[in-house]
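Asks: To be precise about what I am sending: the file is called work15.cif and holds mmCIF, N, CA and C atoms.
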data_run
loop_
_atom_site.label_atom_id
_atom_site.label_comp_id
_atom_site.auth_asym_id
_atom_site.auth_seq_id
_atom_site.Cartn_x
_atom_site.Cartn_y
_atom_site.Cartn_z
N MET A 827 0.82 -1.19 0.00
CA MET A 827 0.00 0.00 0.00
C MET A 827 0.87 1.26 0.00
N HIS A 828 2.11 1.15 0.51
CA HIS A 828 2.94 2.35 0.54
C HIS A 828 3.30 2.82 -0.86
N TRP A 829 3.32 1.92 -1.85
CA TRP A 829 3.60 2.33 -3.23
C TRP A 829 2.50 3.26 -3.71
N TYR A 830 1.27 2.93 -3.38
CA TYR A 830 0.12 3.74 -3.79
C TYR A 830 0.19 5.12 -3.13
N LEU A 831 0.46 5.13 -1.85
CA LEU A 831 0.51 6.39 -1.11
C LEU A 831 1.70 7.25 -1.55
N ASP A 832 2.83 6.62 -1.87
CA ASP A 832 3.98 7.39 -2.35
C ASP A 832 3.66 8.11 -3.66
N VAL A 833 2.93 7.45 -4.54
CA VAL A 833 2.55 8.09 -5.80
C VAL A 833 1.59 9.24 -5.53
N LEU A 834 0.67 9.07 -4.60
CA LEU A 834 -0.25 10.15 -4.28
C LEU A 834 0.46 11.33 -3.62
N LYS A 835 1.51 11.05 -2.86
CA LYS A 835 2.30 12.14 -2.26
C LYS A 835 3.00 12.97 -3.33
N LYS A 836 3.36 12.31 -4.43
CA LYS A 836 3.99 13.01 -5.56
C LYS A 836 2.90 13.33 -6.59
N TYR A 837 1.80 13.90 -6.14
CA TYR A 837 0.57 14.07 -6.90
C TYR A 837 0.79 14.54 -8.34
N ALA A 838 1.56 15.58 -8.53
CA ALA A 838 1.76 16.13 -9.86
C ALA A 838 3.25 16.29 -10.17
N THR A 839 4.07 15.37 -9.68
CA THR A 839 5.51 15.42 -9.93
C THR A 839 5.81 14.63 -11.20
N PHE A 840 6.11 15.37 -12.26
CA PHE A 840 6.37 14.74 -13.55
C PHE A 840 7.86 14.57 -13.82
N ASN A 841 8.71 15.11 -12.94
CA ASN A 841 10.14 14.94 -13.15
C ASN A 841 10.66 13.82 -12.27
N GLY A 842 11.79 13.26 -12.66
CA GLY A 842 12.36 12.15 -11.91
C GLY A 842 12.05 10.82 -12.58
N ARG A 843 12.28 9.76 -11.83
CA ARG A 843 12.12 8.41 -12.36
C ARG A 843 11.32 7.55 -11.38
N ALA A 844 10.61 6.57 -11.92
CA ALA A 844 9.83 5.64 -11.10
C ALA A 844 10.16 4.22 -11.51
N ARG A 845 10.47 3.40 -10.52
CA ARG A 845 10.77 1.99 -10.79
C ARG A 845 9.55 1.26 -11.32
N ARG A 846 9.80 0.12 -11.94
CA ARG A 846 8.71 -0.74 -12.42
C ARG A 846 7.76 -1.10 -11.29
N GLN A 847 8.34 -1.48 -10.15
CA GLN A 847 7.51 -1.91 -9.02
C GLN A 847 6.59 -0.79 -8.55
N GLU A 848 7.12 0.42 -8.48
CA GLU A 848 6.29 1.56 -8.05
C GLU A 848 5.12 1.75 -9.01
N TYR A 849 5.37 1.71 -10.30
CA TYR A 849 4.32 1.92 -11.29
C TYR A 849 3.27 0.82 -11.24
N TRP A 850 3.71 -0.43 -11.28
CA TRP A 850 2.76 -1.54 -11.37
C TRP A 850 2.01 -1.77 -10.08
N MET A 851 2.63 -1.53 -8.94
CA MET A 851 1.89 -1.66 -7.67
C MET A 851 0.83 -0.56 -7.56
N PHE A 852 1.17 0.64 -8.01
CA PHE A 852 0.16 1.71 -8.03
C PHE A 852 -0.99 1.32 -8.95
N ALA A 853 -0.66 0.81 -10.14
CA ALA A 853 -1.71 0.42 -11.09
C ALA A 853 -2.61 -0.68 -10.51
N LEU A 854 -2.00 -1.67 -9.87
CA LEU A 854 -2.77 -2.77 -9.28
C LEU A 854 -3.71 -2.28 -8.18
N ILE A 855 -3.18 -1.51 -7.25
CA ILE A 855 -4.01 -1.00 -6.15
C ILE A 855 -5.08 -0.06 -6.68
N ASN A 856 -4.75 0.71 -7.70
CA ASN A 856 -5.71 1.62 -8.30
C ASN A 856 -6.89 0.85 -8.91
N VAL A 857 -6.61 -0.23 -9.60
CA VAL A 857 -7.67 -1.05 -10.20
C VAL A 857 -8.52 -1.71 -9.11
N ILE A 858 -7.88 -2.22 -8.07
CA ILE A 858 -8.63 -2.86 -6.98
C ILE A 858 -9.58 -1.86 -6.32
N ILE A 859 -9.08 -0.66 -6.05
CA ILE A 859 -9.93 0.37 -5.43
C ILE A 859 -11.07 0.76 -6.36
N ALA A 860 -10.78 0.93 -7.65
CA ALA A 860 -11.81 1.32 -8.61
C ALA A 860 -12.91 0.27 -8.72
N VAL A 861 -12.52 -1.00 -8.78
CA VAL A 861 -13.51 -2.08 -8.85
C VAL A 861 -14.34 -2.14 -7.58
N ALA A 862 -13.68 -2.01 -6.42
CA ALA A 862 -14.41 -2.03 -5.15
C ALA A 862 -15.41 -0.88 -5.08
N LEU A 863 -15.01 0.29 -5.53
CA LEU A 863 -15.93 1.44 -5.51
C LEU A 863 -17.10 1.23 -6.47
N LEU A 864 -16.84 0.64 -7.61
CA LEU A 864 -17.92 0.36 -8.56
C LEU A 864 -18.92 -0.64 -7.99
N VAL A 865 -18.40 -1.67 -7.32
CA VAL A 865 -19.28 -2.68 -6.72
C VAL A 865 -20.11 -2.07 -5.60
N VAL A 866 -19.47 -1.32 -4.74
CA VAL A 866 -20.19 -0.67 -3.63
C VAL A 866 -21.24 0.30 -4.17
N ASP A 867 -20.87 1.08 -5.15
CA ASP A 867 -21.80 2.05 -5.72
C ASP A 867 -22.98 1.35 -6.39
N ALA A 868 -22.70 0.29 -7.14
CA ALA A 868 -23.78 -0.42 -7.84
C ALA A 868 -24.72 -1.11 -6.86
N SER A 869 -24.16 -1.66 -5.77
CA SER A 869 -25.01 -2.41 -4.85
C SER A 869 -25.74 -1.52 -3.84
N LEU A 870 -25.14 -0.43 -3.43
CA LEU A 870 -25.76 0.41 -2.40
C LEU A 870 -26.46 1.64 -2.96
N LEU A 871 -25.81 2.34 -3.84
CA LEU A 871 -26.34 3.61 -4.30
C LEU A 871 -27.01 3.53 -5.66
N GLY A 872 -26.39 2.81 -6.57
CA GLY A 872 -26.94 2.69 -7.91
C GLY A 872 -26.78 3.93 -8.76
N THR A 873 -25.92 4.85 -8.35
CA THR A 873 -25.76 6.09 -9.11
C THR A 873 -24.68 5.99 -10.18
N GLY A 874 -23.66 5.18 -9.95
CA GLY A 874 -22.58 5.05 -10.90
C GLY A 874 -21.68 6.27 -10.95
N ILE A 875 -21.67 7.06 -9.91
CA ILE A 875 -20.89 8.30 -9.91
C ILE A 875 -19.59 8.18 -9.12
N ILE A 876 -19.52 7.29 -8.15
CA ILE A 876 -18.35 7.20 -7.27
C ILE A 876 -17.10 6.77 -8.04
N GLY A 877 -17.23 5.77 -8.90
CA GLY A 877 -16.09 5.28 -9.68
C GLY A 877 -15.48 6.36 -10.56
N PRO A 878 -16.28 7.03 -11.39
CA PRO A 878 -15.72 8.09 -12.23
C PRO A 878 -15.11 9.25 -11.44
N VAL A 879 -15.69 9.59 -10.30
CA VAL A 879 -15.12 10.65 -9.48
C VAL A 879 -13.76 10.23 -8.94
N TYR A 880 -13.64 8.98 -8.51
CA TYR A 880 -12.35 8.47 -8.04
C TYR A 880 -11.32 8.48 -9.17
N GLU A 881 -11.71 7.98 -10.33
CA GLU A 881 -10.78 7.94 -11.46
C GLU A 881 -10.33 9.34 -11.86
N LEU A 882 -11.21 10.29 -11.79
CA LEU A 882 -10.84 11.68 -12.08
C LEU A 882 -9.86 12.21 -11.03
N ALA A 883 -10.06 11.82 -9.78
CA ALA A 883 -9.18 12.27 -8.69
C ALA A 883 -7.77 11.71 -8.83
N VAL A 884 -7.62 10.50 -9.36
CA VAL A 884 -6.28 9.90 -9.48
C VAL A 884 -5.72 10.00 -10.90
N LEU A 885 -6.39 10.76 -11.77
CA LEU A 885 -5.90 10.91 -13.14
C LEU A 885 -4.52 11.56 -13.19
N LEU A 886 -4.35 12.67 -12.48
CA LEU A 886 -3.07 13.37 -12.50
C LEU A 886 -1.93 12.54 -11.91
N PRO A 887 -2.12 11.90 -10.74
CA PRO A 887 -1.04 11.04 -10.25
C PRO A 887 -0.75 9.86 -11.18
N SER A 888 -1.75 9.33 -11.85
CA SER A 888 -1.54 8.23 -12.79
C SER A 888 -0.69 8.68 -13.97
N LEU A 889 -0.99 9.86 -14.49
CA LEU A 889 -0.18 10.40 -15.59
C LEU A 889 1.24 10.68 -15.12
N ALA A 890 1.38 11.24 -13.92
CA ALA A 890 2.70 11.59 -13.40
C ALA A 890 3.57 10.35 -13.20
N VAL A 891 3.02 9.29 -12.62
CA VAL A 891 3.81 8.08 -12.41
C VAL A 891 4.11 7.40 -13.75
N GLY A 892 3.23 7.53 -14.72
CA GLY A 892 3.50 7.00 -16.05
C GLY A 892 4.66 7.73 -16.72
N VAL A 893 4.67 9.05 -16.59
CA VAL A 893 5.77 9.84 -17.15
C VAL A 893 7.08 9.49 -16.46
N ARG A 894 7.06 9.39 -15.13
CA ARG A 894 8.28 9.03 -14.40
C ARG A 894 8.75 7.63 -14.77
N ARG A 895 7.81 6.72 -15.03
CA ARG A 895 8.18 5.36 -15.43
C ARG A 895 8.85 5.38 -16.80
N LEU A 896 8.32 6.16 -17.72
CA LEU A 896 8.94 6.28 -19.04
C LEU A 896 10.32 6.92 -18.93
N HIS A 897 10.47 7.90 -18.03
CA HIS A 897 11.79 8.49 -17.79
C HIS A 897 12.78 7.42 -17.34
N ASP A 898 12.32 6.49 -16.52
CA ASP A 898 13.20 5.45 -16.01
C ASP A 898 13.68 4.52 -17.11
N THR A 899 12.90 4.41 -18.18
CA THR A 899 13.31 3.57 -19.30
C THR A 899 14.09 4.36 -20.34
N GLY A 900 14.36 5.64 -20.06
CA GLY A 900 15.13 6.47 -20.96
C GLY A 900 14.31 7.15 -22.04
N ARG A 901 12.99 7.20 -21.87
CA ARG A 901 12.10 7.80 -22.86
C ARG A 901 11.46 9.07 -22.29
N SER A 902 11.04 9.92 -23.19
CA SER A 902 10.33 11.12 -22.81
C SER A 902 8.91 10.77 -22.35
N GLY A 903 8.35 11.58 -21.49
CA GLY A 903 6.98 11.37 -21.03
C GLY A 903 5.95 11.53 -22.13
N TRP A 904 6.33 12.21 -23.20
CA TRP A 904 5.41 12.38 -24.32
C TRP A 904 5.03 11.06 -24.97
N TRP A 905 5.80 10.00 -24.70
CA TRP A 905 5.46 8.68 -25.25
C TRP A 905 4.14 8.16 -24.71
N LEU A 906 3.61 8.74 -23.64
CA LEU A 906 2.29 8.33 -23.15
C LEU A 906 1.22 8.55 -24.23
N LEU A 907 1.44 9.54 -25.07
CA LEU A 907 0.46 9.86 -26.11
C LEU A 907 0.35 8.78 -27.18
N ILE A 908 1.31 7.86 -27.23
CA ILE A 908 1.24 6.79 -28.22
C ILE A 908 0.03 5.89 -27.96
N ALA A 909 -0.48 5.93 -26.75
CA ALA A 909 -1.67 5.13 -26.42
C ALA A 909 -2.89 5.61 -27.20
N LEU A 910 -2.83 6.80 -27.76
CA LEU A 910 -3.95 7.31 -28.55
C LEU A 910 -4.04 6.67 -29.94
N VAL A 911 -2.96 6.02 -30.36
CA VAL A 911 -2.97 5.31 -31.64
C VAL A 911 -3.77 4.02 -31.45
N PRO A 912 -4.82 3.81 -32.23
CA PRO A 912 -5.66 2.62 -32.04
C PRO A 912 -4.88 1.31 -32.15
N LEU A 913 -5.21 0.37 -31.30
CA LEU A 913 -4.66 -0.99 -31.23
C LEU A 913 -3.17 -1.03 -30.92
N VAL A 914 -2.34 -0.57 -31.80
CA VAL A 914 -0.89 -0.71 -31.66
C VAL A 914 -0.34 0.18 -30.55
N GLY A 915 -0.88 1.37 -30.39
CA GLY A 915 -0.35 2.32 -29.42
C GLY A 915 -0.37 1.80 -28.00
N GLY A 916 -1.45 1.19 -27.59
CA GLY A 916 -1.54 0.64 -26.24
C GLY A 916 -0.56 -0.49 -26.00
N ILE A 917 -0.35 -1.30 -27.01
CA ILE A 917 0.60 -2.41 -26.89
C ILE A 917 2.02 -1.89 -26.77
N VAL A 918 2.37 -0.91 -27.59
CA VAL A 918 3.71 -0.32 -27.54
C VAL A 918 3.94 0.33 -26.18
N LEU A 919 2.96 1.07 -25.69
CA LEU A 919 3.09 1.71 -24.38
C LEU A 919 3.24 0.67 -23.28
N LEU A 920 2.50 -0.41 -23.34
CA LEU A 920 2.62 -1.48 -22.36
C LEU A 920 4.03 -2.07 -22.34
N VAL A 921 4.60 -2.27 -23.52
CA VAL A 921 5.98 -2.78 -23.61
C VAL A 921 6.95 -1.77 -23.00
N PHE A 922 6.77 -0.49 -23.29
CA PHE A 922 7.64 0.54 -22.71
C PHE A 922 7.55 0.56 -21.19
N LEU A 923 6.34 0.49 -20.67
CA LEU A 923 6.14 0.55 -19.21
C LEU A 923 6.66 -0.70 -18.51
N ALA A 924 6.70 -1.82 -19.22
CA ALA A 924 7.18 -3.07 -18.62
C ALA A 924 8.68 -3.26 -18.82
N SER A 925 9.32 -2.38 -19.59
CA SER A 925 10.75 -2.49 -19.85
C SER A 925 11.56 -2.25 -18.58
N ASP A 926 12.76 -2.82 -18.57
CA ASP A 926 13.65 -2.64 -17.43
C ASP A 926 14.21 -1.23 -17.41
N SER A 927 14.63 -0.81 -16.23
CA SER A 927 15.20 0.52 -16.04
C SER A 927 16.55 0.64 -16.74
N LYS A 928 16.88 1.87 -17.10
CA LYS A 928 18.23 2.15 -17.59
C LYS A 928 19.11 2.35 -16.36
N PRO A 929 20.16 1.56 -16.20
CA PRO A 929 20.95 1.61 -14.96
C PRO A 929 21.76 2.89 -14.78
N GLU A 930 22.10 3.54 -15.87
CA GLU A 930 22.94 4.73 -15.75
C GLU A 930 22.10 5.97 -15.41
N THR A 931 22.78 6.98 -14.90
CA THR A 931 22.14 8.26 -14.64
C THR A 931 21.78 8.88 -15.97
N SER A 932 20.59 9.42 -16.06
CA SER A 932 20.13 10.04 -17.30
C SER A 932 19.78 11.49 -17.04
N GLU A 933 19.25 12.14 -18.05
CA GLU A 933 18.82 13.52 -17.89
C GLU A 933 17.67 13.65 -16.89
N TYR A 934 17.03 12.53 -16.55
CA TYR A 934 15.91 12.54 -15.62
C TYR A 934 16.34 12.23 -14.19
N GLY A 935 17.61 11.94 -13.99
CA GLY A 935 18.13 11.70 -12.65
C GLY A 935 18.80 10.34 -12.53
N PRO A 936 19.28 10.03 -11.32
CA PRO A 936 19.93 8.74 -11.09
C PRO A 936 18.91 7.61 -11.07
N SER A 937 19.38 6.41 -11.30
CA SER A 937 18.50 5.25 -11.29
C SER A 937 17.99 4.96 -9.89
N PRO A 938 16.69 4.95 -9.68
CA PRO A 938 16.15 4.63 -8.36
C PRO A 938 16.39 3.16 -7.99
N LYS A 939 16.58 2.33 -8.99
CA LYS A 939 16.83 0.91 -8.76
C LYS A 939 18.19 0.72 -8.10
N LEU A 940 19.19 1.45 -8.56
CA LEU A 940 20.53 1.34 -8.00
C LEU A 940 20.63 2.06 -6.66
N ALA A 941 19.85 3.12 -6.50
CA ALA A 941 19.88 3.88 -5.26
C ALA A 941 19.11 3.15 -4.15
N GLY A 942 18.27 2.18 -4.54
CA GLY A 942 17.51 1.42 -3.55
C GLY A 942 16.32 2.18 -3.01
N THR A 943 15.85 3.19 -3.76
CA THR A 943 14.69 3.97 -3.33
C THR A 943 13.57 3.77 -4.32
N ALA A 944 12.42 4.30 -3.97
CA ALA A 944 11.25 4.21 -4.84
C ALA A 944 11.01 5.52 -5.56
N ALA A 945 12.00 6.34 -5.70
CA ALA A 945 11.82 7.67 -6.30
C ALA A 945 11.49 7.65 -7.74
#
Turn this file's structure into structure tokens for me.
Replies:
Amino acid sequence: MHWYLDVLKKYATFNGRARRQEYWMFALINVIIAVALLVVDASLLGTGIIGPVYELAVLLPSLAVGVRRLHDTGRSGWWLLIALVPLVGGIVLLVFLASDSKPETSEYGPSPKLAGTAA
């Protein structure tokens, strides 16, 4: 859970690097929370508004951690926009996000993997 909270603490921090574990743990916890909210909303309220409000609230941190993850692979954050290309774009972005970190220091900072931090 600390991976999720660490990303929320860096709410709109688009500079720096994010390890694979930080990105994917945030994504996993985010999906679990979204599904739980949808189930609760559907069963108790029936409005369908809680899920979209939550997703809107975590949109900026999701984009920020995605950009930092791309920085860790040596790519610009603008590569997130490749997901807008139908079919192929999402697959390419998934491969980029799942790629291993670049071990050397880059223009985005030192490798968080080598430093032993989740930055």
Asks: Selected by the PyMOL selection byres (((chain A and resi 938 and name CA) around 12) and name CA) in the shown coordinates: which residues, as a short mmCIF file (atom, residue, chain, number, x, y, z; two decimals) with N, CA and C atoms, in the coordinates of the input?
Replies:
data_model
loop_
_atom_site.label_atom_id
_atom_site.label_comp_id
_atom_site.auth_asym_id
_atom_site.auth_seq_id
_atom_site.Cartn_x
_atom_site.Cartn_y
_atom_site.Cartn_z
N GLY A 842 11.79 13.26 -12.66
CA GLY A 842 12.36 12.15 -11.91
C GLY A 842 12.05 10.82 -12.58
N ARG A 843 12.28 9.76 -11.83
CA ARG A 843 12.12 8.41 -12.36
C ARG A 843 11.32 7.55 -11.38
N ALA A 844 10.61 6.57 -11.92
CA ALA A 844 9.83 5.64 -11.10
C ALA A 844 10.16 4.22 -11.51
N ARG A 845 10.47 3.40 -10.52
CA ARG A 845 10.77 1.99 -10.79
C ARG A 845 9.55 1.26 -11.32
N ARG A 846 9.80 0.12 -11.94
CA ARG A 846 8.71 -0.74 -12.42
C ARG A 846 7.76 -1.10 -11.29
N GLN A 847 8.34 -1.48 -10.15
CA GLN A 847 7.51 -1.91 -9.02
C GLN A 847 6.59 -0.79 -8.55
N GLU A 848 7.12 0.42 -8.48
CA GLU A 848 6.29 1.56 -8.05
C GLU A 848 5.12 1.75 -9.01
N ARG A 894 7.06 9.39 -15.13
CA ARG A 894 8.28 9.03 -14.40
C ARG A 894 8.75 7.63 -14.77
N ARG A 895 7.81 6.72 -15.03
CA ARG A 895 8.18 5.36 -15.43
C ARG A 895 8.85 5.38 -16.80
N HIS A 897 10.47 7.90 -18.03
CA HIS A 897 11.79 8.49 -17.79
C HIS A 897 12.78 7.42 -17.34
N ASP A 898 12.32 6.49 -16.52
CA ASP A 898 13.20 5.45 -16.01
C ASP A 898 13.68 4.52 -17.11
N THR A 899 12.90 4.41 -18.18
CA THR A 899 13.31 3.57 -19.30
C THR A 899 14.09 4.36 -20.34
N ASP A 926 12.76 -2.82 -18.57
CA ASP A 926 13.65 -2.64 -17.43
C ASP A 926 14.21 -1.23 -17.41
N SER A 927 14.63 -0.81 -16.23
CA SER A 927 15.20 0.52 -16.04
C SER A 927 16.55 0.64 -16.74
N LYS A 928 16.88 1.87 -17.10
CA LYS A 928 18.23 2.15 -17.59
C LYS A 928 19.11 2.35 -16.36
N PRO A 929 20.16 1.56 -16.20
CA PRO A 929 20.95 1.61 -14.96
C PRO A 929 21.76 2.89 -14.78
N GLU A 930 22.10 3.54 -15.87
CA GLU A 930 22.94 4.73 -15.75
C GLU A 930 22.10 5.97 -15.41
N THR A 931 22.78 6.98 -14.90
CA THR A 931 22.14 8.26 -14.64
C THR A 931 21.78 8.88 -15.97
N SER A 932 20.59 9.42 -16.06
CA SER A 932 20.13 10.04 -17.30
C SER A 932 19.78 11.49 -17.04
N TYR A 934 17.03 12.53 -16.55
CA TYR A 934 15.91 12.54 -15.62
C TYR A 934 16.34 12.23 -14.19
N GLY A 935 17.61 11.94 -13.99
CA GLY A 935 18.13 11.70 -12.65
C GLY A 935 18.80 10.34 -12.53
N PRO A 936 19.28 10.03 -11.32
CA PRO A 936 19.93 8.74 -11.09
C PRO A 936 18.91 7.61 -11.07
N SER A 937 19.38 6.41 -11.30
CA SER A 937 18.50 5.25 -11.29
C SER A 937 17.99 4.96 -9.89
N LYS A 939 16.58 2.33 -8.99
CA LYS A 939 16.83 0.91 -8.76
C LYS A 939 18.19 0.72 -8.10
N LEU A 940 19.19 1.45 -8.56
CA LEU A 940 20.53 1.34 -8.00
C LEU A 940 20.63 2.06 -6.66
N ALA A 941 19.85 3.12 -6.50
CA ALA A 941 19.88 3.88 -5.26
C ALA A 941 19.11 3.15 -4.15
N GLY A 942 18.27 2.18 -4.54
CA GLY A 942 17.51 1.42 -3.55
C GLY A 942 16.32 2.18 -3.01
N THR A 943 15.85 3.19 -3.76
CA THR A 943 14.69 3.97 -3.33
C THR A 943 13.57 3.77 -4.32
N ALA A 944 12.42 4.30 -3.97
CA ALA A 944 11.25 4.21 -4.84
C ALA A 944 11.01 5.52 -5.56
N ALA A 945 12.00 6.34 -5.70
CA ALA A 945 11.82 7.67 -6.30
C ALA A 945 11.49 7.65 -7.74
#
Asks: Quick check on the file I pasted: which residues fall under the PyMOL selection byres (((chain A and resi 902-904 and name CA) around 10) and name CA)? Write them as a PyMOL selection string.
Replies: chain A and resi 840-841+889-901+905-908+934
Asks: Have a look at atom CA of A:Ala838 and atom CA of A:Glu881 and let me know their distance in Å, one decimal.
Replies: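 Answer for the atom CA of A:Ala838 to atom CA of A:Glu881 separation: 15.1 Å.
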Asks: Separation of atom N of A:Asp832 and atom C of A:Ser888, in Å?
Replies: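 Separation between atom N of A:Asp832 and atom C of A:Ser888: 12.8 Å.
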Asks: Taking only chain A into account, list the residues labelled alpha helix (DSSP H) by DSSP (computed from the backbone), as a PyMOL selection string.
Replies: chain A and resi 828-835+846-866+876-883+885-898+914-924+938-941
Asks: Do you have the atom CA of A:Pro887-atom CA of A:Ala853 distance handy?
Replies: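 So the two atoms, atom CA of A:Pro887 and atom CA of A:Ala853, lie 10.7 Å apart.
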Asks: Which is closer to A:Val884 than all the others in A:Met827, A:Ala862, A:Leu834, A:Leu870, using all atoms listed in the file?
Replies: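 Of A:Met827, A:Ala862, A:Leu834, A:Leu870, the one nearest A:Val884, counting all atoms listed in the file, is A:Leu834.
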Asks: Which is closest to A:Phe852 among A:Leu831, A:Leu910, A:Ile876, A:Ile917, if we use only N, CA and C atoms?
Replies: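 Between A:Leu831, A:Leu910, A:Ile876, A:Ile917, the residue approaching A:Phe852 most closely is A:Leu831.
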Asks: Between A:Ala868, A:Val918, A:Ile875, A:Tyr830, which residue has the minimum interatomic distance to A:Asn856, considering all atoms listed in the file?
Replies: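 With all atoms listed in the file as the atom set, the closest residue is A:Tyr830.
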Asks: Please put the answer as JSON: centre and edge lengths, in Å with one decimal, of a box along x, y and z that encloses all listed atoms of stretch 903-912 of chain A plus 3 Å on each side.
Replies:
{"center_x": 1.3, "center_y": 6.8, "center_z": -26.6, "size_x": 20.0, "size_y": 17.1, "size_z": 17.2}
Asks: At most 12 Å from (-13.3, 3.0, -2.9), file frame, only C-alpha atoms: which residues, as a ChimeraX atom specification?
Replies: /A:855-867,875-881,883-884
